[in-house]
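The structure appears below as structure tokens.
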Amino acid sequence: MSKILIIEDESAIRRVLKKIISEESDTYLVDEAEDGLEGIEKVQKEDFDLILCDIKMPKMDGMEVLEKIKKVKPEIPIVMISGHGDLELAVNTMRLGAFDYISKPPDLNRLLNTVRNALDRKELVVENKRLKKKVSKKYEMVGESDAIVHIKSIIEKVAITDARVLITGPNGTGKELVAHWLHEKSNRTKAPMIEVNCAAIPSELIESELFGHVKGSFTGANKDRAGKFEAANGGTVFLDEIGDMSLSAQAKVLRALQENKISRVGSDKDIKVDVRVVAATNKDLKKEISEGRFREDLYHRLAVILIKVPALNERREDIPLLIQFFANKISEEQGVAVKTFSKEAMDLLQQYDWTGNIRELRNVVERLLILGESEISKTDVSLFASK
Ligand SMILES: Nc1ncnc2c1ncn2[C@@H]1O[C@H](COP(=O)(O)OP(=O)(O)OP(=O)(O)O)[C@@H](O)[C@H]1O
């Protein structure tokens with residue numbers, strides 16, 4: 001459905017426009033306003049996909065209406081309606097952000113074409129805005145290597161879908177960061193992303209942790225409790241270290257994924273949940289499958305989209321950027337002076353064997369900021385960056 005608002009003081013013109021547009025398609029829903037004030041009021045209260053606005057009107061003219069609407073809802077395209085003699089004005093309105101103009105009396109084809117184009121553009125603007133949705137600063141993903149650029153482009157494409165994503169890579173490479181991006185760029189941000197570290201929860205507790213339990217279902221279960229899947233309803237569940245999950249828990253997760261419903265431990269009542277599952281592991285799941293430790297059917301359910309985060313050693317060009325990023329961040333957090341890195345120091349750090357762990361890199365930067373000279377030298381690196 002496309003909601004279209006006509007702001008026009010002449011009722012005859014309003015009627016003609018409404019008739020032409022609403023007869024063109026059942027998906028066009030046309031509303032009217034007799035003057036600019038009423039028009040703006042409607043725009044503030046409701047969302048429209050397109051506005052047609054007369055230029056010459058009493059009370060408030062079209063130029064003013066255009067400027068006001070652009071301030072409150074800049075994404076709505078506005079097509080101006082110009083009468084005889086205000087062609088120049090009509091052209092000017094486009095400089096002020098009008099999408100296009102049509103002349104009175106409206107030509108049927110031109111009108112309908114303009115409406116279609118404007119609606120298409122609206123969709124594009126909204127789409128772009130959504131894609132550009134910023135991920136909060138807390139989850140900045142630094143890096144210009146091909147690998148990072150590729151990962152970001154996959155995130156852009158996948159985040160808005162409900163496709164399940166399996167993120168693989170060595171420890172501390174940024175898998176959790178990728179999961180946060182997937183959530184923050186999705187349409188699920190009104191609900192939380194709930195993280196479960198499957199390796200940290202004893203296997204006998206994981207089921208109740210994920211799906212909840214009812215009172216009395218096991219010793220210590222003294223009241224009903226919702227699990228992480230329920231808590232994340234409408235949002236994302238991030239199953240970190242999924243490769244460490246017990247086979248019995250894997251069977252339960254499989255059911256949740258297959259049927260989109262869960263039941264609390266000790267209850268046979270099904271609860272419908274709407275969650276997007278993102279999982280991560282540093283294990284080679286194919287190997288785990290061949291050795292009987294991971295269910296192949298679960299793997300296929302989880303790995304609709306695979307994102308491999310490479311070790312730092314495989315994207316060395318990102319190391320200087322990361323060092324600078326952490327140096328600024330640490331100085332800011334701890335209120336210490338920003339130190340610079342000499343070129344030799346930077347080169348040496350870039351060559352180190354980082355095994356892929358970004359946490360380790362951050363620790364080294366922190367140590368150098370505290371212990372190194374005001375310009376961190378190669379000697380500082382040799383002295384303090386050893387692992
Ligand atoms: N590209 C990056 N830019 C900036 N910071 C990053 C980047 N990648 C990772 N980090 C930071 O490094 C730390 C480790 O990242 P993260 O926790 O996402 O790794 P992980 O692969 O999930 O680790 P683990 O396997 O141990 O769970 C975090 O503090 C994260 O913010």
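Simple scheme: letters A, B, ... for chains in structure tokens order, numbers from 1 for residues in each chain, numbers from 1 for ligands in the order shown.
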
Could you tell me, counting only C-alpha atoms and all ligand atoms, which protein and nucleic acid residues lie no more than 10 Å from ligand 1, written as a PyMOL selection string?
chain A and resi 138-145+148+167-180+197+240-241+280-283+309-312+318-319+321-323+325-326+356-362

Just give me the gap between atom CA of Glu24 of chain A and atom CA of Leu112 of chain A in Å, one decimal is fine.
7.9 Å

Got a sec: who's within 8 Å of segment 40-42 of chain A, counting only C-alpha atoms, leaving out chain neighbours fewer than 5 positions off, as a list in words?
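Once the nearby chain positions are removed, what remains is Ala33, Val65, Lys68 and Ile69 of chain A.
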
Take the selection from the previous step and output its residues with N, CA and C atoms, as a PDB file, in the first residue's frame.
ATOM      1  N   ALA A  33      -5.900  17.154   1.917  1.00  0.00           N
ATOM      2  CA  ALA A  33      -5.885  18.264   2.869  1.00  0.00           C
ATOM      3  C   ALA A  33      -6.217  19.524   2.079  1.00  0.00           C
ATOM      4  N   VAL A  65       5.133  24.959   2.909  1.00  0.00           N
ATOM      5  CA  VAL A  65       4.740  23.592   3.271  1.00  0.00           C
ATOM      6  C   VAL A  65       5.905  22.640   2.957  1.00  0.00           C
ATOM      7  N   LYS A  68       8.688  22.965   5.468  1.00  0.00           N
ATOM      8  CA  LYS A  68       8.333  22.400   6.783  1.00  0.00           C
ATOM      9  C   LYS A  68       8.365  20.873   6.748  1.00  0.00           C
ATOM     10  N   ILE A  69       7.802  20.302   5.691  1.00  0.00           N
ATOM     11  CA  ILE A  69       7.760  18.829   5.628  1.00  0.00           C
ATOM     12  C   ILE A  69       9.169  18.256   5.490  1.00  0.00           C
TER      13      ILE A  69
END

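Each of A:Ile151, A:Met63, A:Val275, A:Leu247 was checked against Leu298 of chain A using only C-alpha atoms; the smallest atom-to-atom distance is that of A:Leu247.
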
Among segment 12-260 of chain A, which residues does DSSP mark as helix (DSSP H, G or I) when it is run on the backbone? Keep the chain and numbering as in the structure and answer as a VMD selection string.
chain A and resid 12 to 24 36 to 45 62 to 72 87 to 95 108 to 131 137 to 139 146 to 158 175 to 184 203 to 211 228 to 231 242 to 244 247 to 259

Write out, as a short mmCIF file (atom, residue, chain, number, x, y, z; two decimals), in the first residue's frame, the residues just selected, with C-alpha atoms.
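Full text of result-v6.cif as output:
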data_model
loop_
_atom_site.label_atom_id
_atom_site.label_comp_id
_atom_site.auth_asym_id
_atom_site.auth_seq_id
_atom_site.Cartn_x
_atom_site.Cartn_y
_atom_site.Cartn_z
CA ALA A 12 -12.11 20.45 -8.24
CA ILE A 13 -8.40 19.80 -8.77
CA ARG A 14 -8.27 17.71 -5.62
CA ARG A 15 -11.12 15.59 -6.88
CA VAL A 16 -9.55 15.05 -10.31
CA LEU A 17 -6.17 14.11 -8.84
CA LYS A 18 -7.71 11.75 -6.35
CA LYS A 19 -9.80 10.07 -9.02
CA ILE A 20 -6.92 9.58 -11.45
CA ILE A 21 -4.53 8.24 -8.82
CA SER A 22 -6.88 5.97 -6.92
CA GLU A 23 -8.27 4.50 -10.14
CA GLU A 24 -4.77 3.67 -11.33
CA GLY A 36 -0.98 23.69 4.04
CA LEU A 37 -1.72 23.74 7.75
CA GLU A 38 -4.03 20.77 7.56
CA GLY A 39 -1.48 19.01 5.33
CA ILE A 40 1.38 19.46 7.77
CA GLU A 41 -0.79 18.30 10.64
CA LYS A 42 -1.57 15.09 8.77
CA VAL A 43 2.08 14.52 7.86
CA GLN A 44 3.09 14.90 11.49
CA LYS A 45 0.51 12.38 12.63
CA GLY A 62 3.39 25.43 -1.12
CA MET A 63 6.99 26.61 -0.70
CA GLU A 64 6.54 26.94 3.03
CA VAL A 65 4.74 23.59 3.27
CA LEU A 66 7.60 21.98 1.35
CA GLU A 67 10.23 23.41 3.67
CA LYS A 68 8.33 22.40 6.78
CA ILE A 69 7.76 18.83 5.63
CA LYS A 70 11.38 18.45 4.53
CA LYS A 71 12.37 19.28 8.09
CA VAL A 72 10.16 16.72 9.79
CA LEU A 87 6.52 27.66 -13.61
CA GLU A 88 9.65 29.43 -12.46
CA LEU A 89 8.57 28.97 -8.87
CA ALA A 90 7.95 25.29 -9.58
CA VAL A 91 11.49 24.88 -10.86
CA ASN A 92 12.76 26.63 -7.75
CA THR A 93 10.91 24.21 -5.49
CA MET A 94 13.08 21.44 -6.87
CA ARG A 95 16.11 23.27 -5.56
CA LEU A 108 -2.91 11.97 -16.88
CA ASN A 109 0.20 10.19 -18.12
CA ARG A 110 2.65 12.67 -16.73
CA LEU A 111 0.90 12.60 -13.38
CA LEU A 112 0.90 8.82 -13.10
CA ASN A 113 4.52 8.54 -14.23
CA THR A 114 5.61 11.08 -11.69
CA VAL A 115 3.70 9.29 -8.94
CA ARG A 116 5.32 5.98 -9.86
CA ASN A 117 8.82 7.44 -10.03
CA ALA A 118 8.44 9.24 -6.75
CA LEU A 119 7.20 6.12 -4.99
CA ASP A 120 10.10 4.09 -6.41
CA ARG A 121 12.54 6.69 -5.18
CA LYS A 122 10.97 6.65 -1.74
CA GLU A 123 11.54 2.93 -1.50
CA LEU A 124 15.15 3.39 -2.50
CA VAL A 125 15.76 6.14 0.04
CA VAL A 126 14.24 4.10 2.84
CA GLU A 127 16.25 1.06 1.77
CA ASN A 128 19.50 3.01 1.70
CA LYS A 129 18.80 4.55 5.06
CA ARG A 130 18.25 1.13 6.51
CA LEU A 131 21.44 -0.21 4.97
CA LYS A 137 30.46 3.03 18.29
CA LYS A 138 30.93 0.37 20.90
CA TYR A 139 31.08 -2.24 18.14
CA ASP A 146 39.83 -7.53 1.70
CA ALA A 147 38.64 -9.98 4.33
CA ILE A 148 37.05 -7.29 6.52
CA VAL A 149 35.53 -5.47 3.52
CA HIS A 150 34.07 -8.77 2.37
CA ILE A 151 32.67 -9.56 5.81
CA LYS A 152 31.03 -6.14 6.02
CA SER A 153 29.42 -6.58 2.63
CA ILE A 154 28.02 -9.98 3.63
CA ILE A 155 26.65 -8.41 6.82
CA GLU A 156 24.90 -5.69 4.78
CA LYS A 157 23.21 -8.29 2.64
CA VAL A 158 22.34 -10.79 5.32
CA LYS A 175 33.27 -13.26 15.81
CA GLU A 176 31.18 -11.70 18.53
CA LEU A 177 31.59 -8.32 16.88
CA VAL A 178 30.18 -9.76 13.65
CA ALA A 179 27.21 -11.13 15.58
CA HIS A 180 26.53 -7.70 17.09
CA TRP A 181 26.63 -6.11 13.65
CA LEU A 182 24.20 -8.68 12.29
CA HIS A 183 21.79 -7.83 15.07
CA GLU A 184 22.24 -4.08 14.99
CA SER A 203 25.88 -29.59 29.84
CA GLU A 204 23.20 -30.54 32.37
CA LEU A 205 22.20 -26.89 32.72
CA ILE A 206 22.32 -25.74 29.14
CA GLU A 207 18.85 -26.92 28.25
CA SER A 208 17.24 -24.99 31.07
CA GLU A 209 19.44 -21.98 30.30
CA LEU A 210 18.29 -21.94 26.69
CA PHE A 211 14.67 -22.96 27.05
CA LYS A 228 17.32 -17.27 26.64
CA PHE A 229 15.20 -18.12 23.60
CA GLU A 230 12.12 -16.63 25.22
CA ALA A 231 14.06 -13.64 26.49
CA ILE A 242 28.38 -23.80 19.65
CA GLY A 243 30.99 -26.48 18.91
CA ASP A 244 31.19 -27.15 22.65
CA LEU A 247 24.83 -33.70 21.81
CA SER A 248 21.65 -33.76 23.89
CA ALA A 249 21.47 -29.97 23.94
CA GLN A 250 22.13 -29.96 20.19
CA ALA A 251 19.03 -32.10 19.68
CA LYS A 252 16.92 -29.57 21.59
CA VAL A 253 18.33 -26.65 19.66
CA LEU A 254 17.64 -28.48 16.43
CA ARG A 255 14.00 -28.81 17.35
CA ALA A 256 13.77 -25.13 18.24
CA LEU A 257 15.22 -24.26 14.85
CA GLN A 258 13.07 -26.69 12.91
CA GLU A 259 9.78 -25.81 14.51
#

Suppose you want the space between atom CA of Met1 of chain A and atom CA of Lys185 of chain A; what is it in Å?
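For atom CA of Met1 of chain A relative to atom CA of Lys185 of chain A, the distance reads 24.8 Å.
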
Residues of segment 3-60 of chain A in strand (DSSP E) according to DSSP, as a list in words?
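In segment 3-60 of chain A, DSSP puts these residues in strand (DSSP E): Lys3, Ile4, Leu5, Ile6, Ile7, Tyr28, Leu29, Val30, Asp31, Glu32, Ala33, Leu50, Ile51, Leu52, Cys53 and Asp54 of chain A.
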
Take the selection from the previous step and output its residues with N, CA and C atoms, as a PDB file, in the first residue's frame.
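What ended up in part.pdb:
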ATOM      1  N   LYS A   3       0.660   5.285   0.617  1.00  0.00           N
ATOM      2  CA  LYS A   3      -0.237   6.353   1.096  1.00  0.00           C
ATOM      3  C   LYS A   3       0.184   7.689   0.486  1.00  0.00           C
ATOM      4  N   ILE A   4      -0.784   8.288  -0.186  1.00  0.00           N
ATOM      5  CA  ILE A   4      -0.488   9.526  -0.921  1.00  0.00           C
ATOM      6  C   ILE A   4      -1.363  10.650  -0.376  1.00  0.00           C
ATOM      7  N   LEU A   5      -0.755  11.775  -0.108  1.00  0.00           N
ATOM      8  CA  LEU A   5      -1.522  12.917   0.416  1.00  0.00           C
ATOM      9  C   LEU A   5      -1.549  14.042  -0.620  1.00  0.00           C
ATOM     10  N   ILE A   6      -2.760  14.548  -0.891  1.00  0.00           N
ATOM     11  CA  ILE A   6      -2.879  15.683  -1.817  1.00  0.00           C
ATOM     12  C   ILE A   6      -3.198  16.933  -1.006  1.00  0.00           C
ATOM     13  N   ILE A   7      -2.324  17.933  -1.089  1.00  0.00           N
ATOM     14  CA  ILE A   7      -2.586  19.202  -0.395  1.00  0.00           C
ATOM     15  C   ILE A   7      -2.916  20.227  -1.484  1.00  0.00           C
ATOM     16  N   TYR A  28      -2.853   2.298  -4.212  1.00  0.00           N
ATOM     17  CA  TYR A  28      -2.704   3.719  -3.895  1.00  0.00           C
ATOM     18  C   TYR A  28      -3.844   4.160  -2.975  1.00  0.00           C
ATOM     19  N   LEU A  29      -3.473   4.645  -1.827  1.00  0.00           N
ATOM     20  CA  LEU A  29      -4.467   5.083  -0.857  1.00  0.00           C
ATOM     21  C   LEU A  29      -4.362   6.603  -0.753  1.00  0.00           C
ATOM     22  N   VAL A  30      -5.402   7.300  -1.213  1.00  0.00           N
ATOM     23  CA  VAL A  30      -5.255   8.755  -1.318  1.00  0.00           C
ATOM     24  C   VAL A  30      -5.988   9.484  -0.194  1.00  0.00           C
ATOM     25  N   ASP A  31      -5.302  10.437   0.429  1.00  0.00           N
ATOM     26  CA  ASP A  31      -5.898  11.274   1.463  1.00  0.00           C
ATOM     27  C   ASP A  31      -5.789  12.732   0.988  1.00  0.00           C
ATOM     28  N   GLU A  32      -6.636  13.612   1.568  1.00  0.00           N
ATOM     29  CA  GLU A  32      -6.611  15.001   1.089  1.00  0.00           C
ATOM     30  C   GLU A  32      -6.459  15.990   2.225  1.00  0.00           C
ATOM     31  N   ALA A  33      -5.900  17.154   1.917  1.00  0.00           N
ATOM     32  CA  ALA A  33      -5.885  18.264   2.869  1.00  0.00           C
ATOM     33  C   ALA A  33      -6.217  19.524   2.079  1.00  0.00           C
ATOM     34  N   LEU A  50       4.054   9.588  -0.313  1.00  0.00           N
ATOM     35  CA  LEU A  50       4.184  10.624  -1.350  1.00  0.00           C
ATOM     36  C   LEU A  50       3.216  11.762  -1.029  1.00  0.00           C
ATOM     37  N   ILE A  51       3.671  12.989  -1.333  1.00  0.00           N
ATOM     38  CA  ILE A  51       2.790  14.143  -1.122  1.00  0.00           C
ATOM     39  C   ILE A  51       2.731  14.946  -2.421  1.00  0.00           C
ATOM     40  N   LEU A  52       1.504  15.301  -2.816  1.00  0.00           N
ATOM     41  CA  LEU A  52       1.348  16.229  -3.934  1.00  0.00           C
ATOM     42  C   LEU A  52       0.910  17.532  -3.302  1.00  0.00           C
ATOM     43  N   CYS A  53       1.576  18.640  -3.636  1.00  0.00           N
ATOM     44  CA  CYS A  53       1.262  19.888  -2.932  1.00  0.00           C
ATOM     45  C   CYS A  53       1.176  21.057  -3.898  1.00  0.00           C
ATOM     46  N   ASP A  54       0.071  21.763  -3.831  1.00  0.00           N
ATOM     47  CA  ASP A  54      -0.134  22.938  -4.675  1.00  0.00           C
ATOM     48  C   ASP A  54       0.843  24.041  -4.260  1.00  0.00           C
TER      49      ASP A  54
END

Need the shell around Lys269 of chain A: protein/DNA/RNA residues with any atom at most 12 Å away, counting only C-alpha atoms. Skip same-chain ones fewer than 6 positions apart. Format as a ChimeraX atom specification?
/A:211-214,261-263

Might you pull out every residue within 6 Å of Val278 of chain A, with only C-alpha atoms counted and same-chain residues fewer than 4 positions away left off, and present them as number ranges by chain?
A: 164-165, 238

Using only C-alpha atoms, which residues sit within 12 Å of His84 of chain A once same-chain residues fewer than 5 positions away are excluded, as number ranges by chain?
A: 54-56, 89-90, 102-106

Once you have the residues from the selection above, write them out as a CSV table (one decimal), in the first residue's frame, restricted to N, CA and C atoms.
chain,number,residue,atom,x,y,z
A,54,ASP,N,0.1,21.8,-3.8
A,54,ASP,CA,-0.1,22.9,-4.7
A,54,ASP,C,0.8,24.0,-4.3
A,55,ILE,N,1.3,24.8,-5.2
A,55,ILE,CA,2.2,25.9,-4.9
A,55,ILE,C,1.5,27.1,-4.3
A,56,LYS,N,0.4,27.5,-5.0
A,56,LYS,CA,-0.3,28.7,-4.6
A,56,LYS,C,-1.5,28.3,-3.7
A,89,LEU,N,8.7,29.3,-10.3
A,89,LEU,CA,8.6,29.0,-8.9
A,89,LEU,C,8.7,27.4,-8.7
A,90,ALA,N,8.0,26.8,-9.6
A,90,ALA,CA,8.0,25.3,-9.6
A,90,ALA,C,9.4,24.7,-9.7
A,102,ILE,N,4.2,19.0,-11.4
A,102,ILE,CA,3.3,18.8,-12.5
A,102,ILE,C,2.5,20.1,-12.7
A,103,SER,N,2.0,20.3,-13.9
A,103,SER,CA,1.2,21.5,-14.1
A,103,SER,C,-0.3,21.3,-14.1
A,104,LYS,N,-1.0,22.4,-13.8
A,104,LYS,CA,-2.5,22.3,-13.9
A,104,LYS,C,-2.9,22.7,-15.3
A,105,PRO,N,-3.9,22.1,-15.9
A,105,PRO,CA,-4.6,20.9,-15.4
A,105,PRO,C,-3.7,19.7,-15.6
A,106,PRO,N,-3.8,18.8,-14.7
A,106,PRO,CA,-2.9,17.6,-14.7
A,106,PRO,C,-3.0,16.8,-15.9

What is the distance, in Å and to one decimal place, between atom CA of Thr355 of chain A and atom CA of Asp284 of chain A?
16.4 Å

Which residues are near segment 186-194 of chain A? Cut-off 6 Å, only C-alpha atoms, ignore same chain within fewer than 3 positions. Put them as a ChimeraX atom specification.
/A:159-160,183,232,234-238

Kindly indicate which residue among A:Thr161, A:Asp9, A:Leu166, A:Glu332 lies nearest to Leu285 of chain A, using only C-alpha atoms for the distances.
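Nearest candidate to Leu285 of chain A out of A:Thr161, A:Asp9, A:Leu166, A:Glu332: A:Leu166.
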